[in-house]
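I have placed the structure first, in the form of structure tokens, so that the comments after it can refer back to it.
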Amino acid sequence: MPRACRCAAILGAALLLAGAPAAAQTLADDPAFTRYRQAAAAFEAKDYARAAALAAESLQHYRDNLQAHYLIGQAALAGERWEDAAAAFRRVVELSPSSFAGHRELAIALERLGRDGEAVKAYETALTLRPDNEPVQTRLAFLHLSSGNRDAALPLLSALAERGSRDPQVWSALAGIRYDAGDLAAGEKAFARAATLRDDGKLWFNLGVVRLRLDDDAGAREAFERAARHPEVQAQAREQLEGLEPRQPEPAGDARP
């Protein structure tokens with residue numbers, strides 16, 4: 001075959017190869033990402049053990065897969081395996097120190113383990129990333145309260161109240177702190193808000209007690225009457241009502257013809 005013909009044949013073969021469909025593997029076909037996708041699907045199906053196992057397989061191919069570490073932590077939280085969860089979320093925040101979710105979940109795991117000091121630091125770090133996150137503020141406030149640190153809880157509860165929190169526990173905790181500090185007016189306001197958000201016998205009863213101390217007999221009667229509708233405090237509420245002055249009858253209207 002003449003040289004020109006051979007060159008043309010080679011060039012034609014090259015062009016045919018260049019135009020052939022590509023069969024190369026894409027990033028989505030990578031074993032690390034394939035296992036992660038399978039793990040995420042298992043987690044959505046609430047198969048937490050399989051989700052954790054598949055995410056661990058993903059890490060065998062890509063050990064710094066942030067999403068896989070986070071998913072392992074989530075599966076551990078769902079399965080109440082607190083040590084595993086803490087270890088996974090520690091790795092998440094090592095890989096991504098700016099991960100709000102990583103610090104938040106790490107704090108939850110540490111709190112479940114009873115490591116309150118470490119949990120407080122993790123919650124505080126989360127709040128530096130999202131200062132106005134109400135769920136984290138609430139969890140941190142109640143962690144401080146459970147540790148007996150009311151001074152640390154008070155500014156968090158106050159900030160939540162100022163933003164109009166609709167969590168009755170926030171208002172009742174704030175009411176207790178204000179009442180114990182002798183700020184009866186603030187305590188009354190907080191108990192009233194808590195009782196409005198949740199119709200609870202103990203809240204109404206406490207509101208009645210505070211109003212009695214404020215010499216608001218009418219307000220106390222109203223609160224004790226609401227409390228008396230709840231079996232758990234019914235006897236105590238009725239006893240308080242018996243000790244109050246009876247209601248004054250409404251003045252009669254002008255009966256002249």
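Starting from 1 in every chain, residues are counted up; chains themselves are A, B, ... following the order of the structure tokens, and ligands are numbered from 1 as listed.
Shell of A:His61 at 10 Å, with only C-alpha atoms counted and residues fewer than 5 places along the chain excluded, is Asp30, Pro31, Ala32, Phe33, Arg35 and Ala56 of chain A.
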Same residues, N, CA, C and O atoms, output as a tab-separated table (two decimals), in the first residue's frame:
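Generated file (again01.tsv):
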```
chain	number	residue	atom	x	y	z
A	30	ASP	N	-17.55	6.83	41.32
A	30	ASP	CA	-16.46	6.51	42.24
A	30	ASP	C	-17.00	5.71	43.42
A	30	ASP	O	-18.06	6.02	43.95
A	31	PRO	N	-16.30	4.66	43.86
A	31	PRO	CA	-16.81	3.82	44.95
A	31	PRO	C	-17.12	4.60	46.23
A	31	PRO	O	-18.09	4.28	46.93
A	32	ALA	N	-16.34	5.64	46.53
A	32	ALA	CA	-16.60	6.42	47.74
A	32	ALA	C	-17.96	7.08	47.69
A	32	ALA	O	-18.72	7.06	48.67
A	33	PHE	N	-18.29	7.65	46.53
A	33	PHE	CA	-19.56	8.36	46.41
A	33	PHE	C	-20.73	7.38	46.21
A	33	PHE	O	-21.84	7.63	46.66
A	35	ARG	N	-20.97	4.39	47.58
A	35	ARG	CA	-21.30	3.87	48.91
A	35	ARG	C	-22.00	4.95	49.75
A	35	ARG	O	-22.91	4.64	50.51
A	56	ALA	N	-19.10	3.75	56.33
A	56	ALA	CA	-17.74	3.31	56.70
A	56	ALA	C	-17.01	2.76	55.48
A	56	ALA	O	-15.80	2.98	55.31
```
Practice task
Tell me which protein, DNA and RNA residues are within 12 Å of A:Asn149, counting only C-alpha atoms, leaving out same-chain ones fewer than 5 positions away, and put them as a ChimeraX atom specification.
Solution key: /A:116-117,120,140-144,154-156,177
Problem - Contacts of A:Leu197 within 12 Å, only C-alpha atoms, excl. fewer than 3 positions in-chain, as a list in words - result: Gly164, Ser165, Arg166, Asp167, Pro168, Gln169, Val170, Trp171, Ser172, Ala190, Phe191, Ala192, Arg193, Ala194, Asp200, Leu203 and Trp204 of chain A
Counting only C-alpha atoms, which residues of stretch 114-226 of chain A fall within 9 Å of stretch 234-246 of chain A, and what is the closest atom pair for each with its distance in Å at one decimal, ordered by chain and rising number, as a Markdown table?
```
| residue | atom | partner | partner_atom | distance |
| --- | --- | --- | --- | --- |
| A:Gly201 | CA | A:Gln234 | CA | 8.0 |
| A:Phe205 | CA | A:Ala237 | CA | 6.6 |
| A:Gly208 | CA | A:Ala237 | CA | 8.7 |
| A:Val209 | CA | A:Gln240 | CA | 8.9 |
| A:Asp217 | CA | A:Leu244 | CA | 7.2 |
| A:Ala220 | CA | A:Leu241 | CA | 8.6 |
| A:Arg221 | CA | A:Leu241 | CA | 6.4 |
| A:Ala223 | CA | A:Ala237 | CA | 8.8 |
| A:Phe224 | CA | A:Ala237 | CA | 5.2 |
| A:Glu225 | CA | A:Ala237 | CA | 7.1 |
| A:Arg226 | CA | A:Ala237 | CA | 8.7 |
```
Problem - Residues near stretch 40-51 of chain A, cut-off 8 Å, only C-alpha atoms, skip fewer than 3 positions along chain, as JSON, numbers by chain - result: {"A": [36, 37, 54, 55, 71, 72, 75, 76, 78, 79]}
Practice task
Please indicate the distance in Å from atom CA of A:Asp215 to atom CA of A:Glu188, rounded to one decimal place.
Solution key: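 Pair atom CA of A:Asp215 / atom CA of A:Glu188 returns 11.9 Å.
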Any chance you could tabulate, as JSON lines, the residues of stretch 115-220 of chain A at most 12 Å from stretch 80-87 of chain A with each one's nearest atom pair and distance in Å to one decimal, using only C-alpha atoms, in chain and rising number order?
```
{"residue": "A:Arg115", "atom": "CA", "partner": "A:Ala86", "partner_atom": "CA", "distance": 10.7}
{"residue": "A:Glu118", "atom": "CA", "partner": "A:Ala86", "partner_atom": "CA", "distance": 10.8}
{"residue": "A:Ala119", "atom": "CA", "partner": "A:Ala86", "partner_atom": "CA", "distance": 10.2}
{"residue": "A:Ala122", "atom": "CA", "partner": "A:Ala86", "partner_atom": "CA", "distance": 11.0}
```
Go ahead and save the residues from that selection, with N, CA, C and O atoms, as a PDB file, in the first residue's frame.
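Wrote result05.pdb, looks like this:
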```
ATOM      1  N   ARG A 115     -21.049  14.460  79.661  1.00  0.00           N
ATOM      2  CA  ARG A 115     -19.819  15.272  79.662  1.00  0.00           C
ATOM      3  C   ARG A 115     -20.214  16.726  79.418  1.00  0.00           C
ATOM      4  O   ARG A 115     -20.003  17.308  78.357  1.00  0.00           O
ATOM      5  N   GLU A 118     -17.713  19.627  78.253  1.00  0.00           N
ATOM      6  CA  GLU A 118     -17.371  19.559  76.833  1.00  0.00           C
ATOM      7  C   GLU A 118     -18.564  19.938  75.965  1.00  0.00           C
ATOM      8  O   GLU A 118     -18.408  20.583  74.917  1.00  0.00           O
ATOM      9  N   ALA A 119     -19.757  19.519  76.395  1.00  0.00           N
ATOM     10  CA  ALA A 119     -20.970  19.845  75.634  1.00  0.00           C
ATOM     11  C   ALA A 119     -21.195  21.353  75.598  1.00  0.00           C
ATOM     12  O   ALA A 119     -21.559  21.912  74.556  1.00  0.00           O
ATOM     13  N   ALA A 122     -18.957  22.891  73.041  1.00  0.00           N
ATOM     14  CA  ALA A 122     -19.394  22.610  71.674  1.00  0.00           C
ATOM     15  C   ALA A 122     -20.613  23.449  71.304  1.00  0.00           C
ATOM     16  O   ALA A 122     -20.692  23.985  70.185  1.00  0.00           O
TER      17      ALA A 122
END
```
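Taking atom CA of A:Ala185 and atom CA of A:Val210 as endpoints, the distance between them is 8.4 Å.
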Handout entry: DSSP helix (DSSP H, G or I) residues within stretch 128-189 of chain A, listed as a PyMOL selection string
Key = chain A and resi 128-129+134-146+150-162+168-180+184-189
Handout entry: Point-to-point distance in Å for atom CA of A:Glu94 and atom CA of A:Ala52
Key = 19.4 Å
Practice task
Choose the residue, out of A:His230, A:Ala175, A:Ala101, A:Asp183, that has the smallest atom-to-atom separation from A:Leu207; count only C-alpha atoms.
Solution key: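 The closest residue to A:Leu207 is A:Ala175.
Taking only C-alpha atoms into account, A:Ser96 lies nearest to A:His69 out of the set A:Arg198, A:Arg112, A:Lys121, A:His69.
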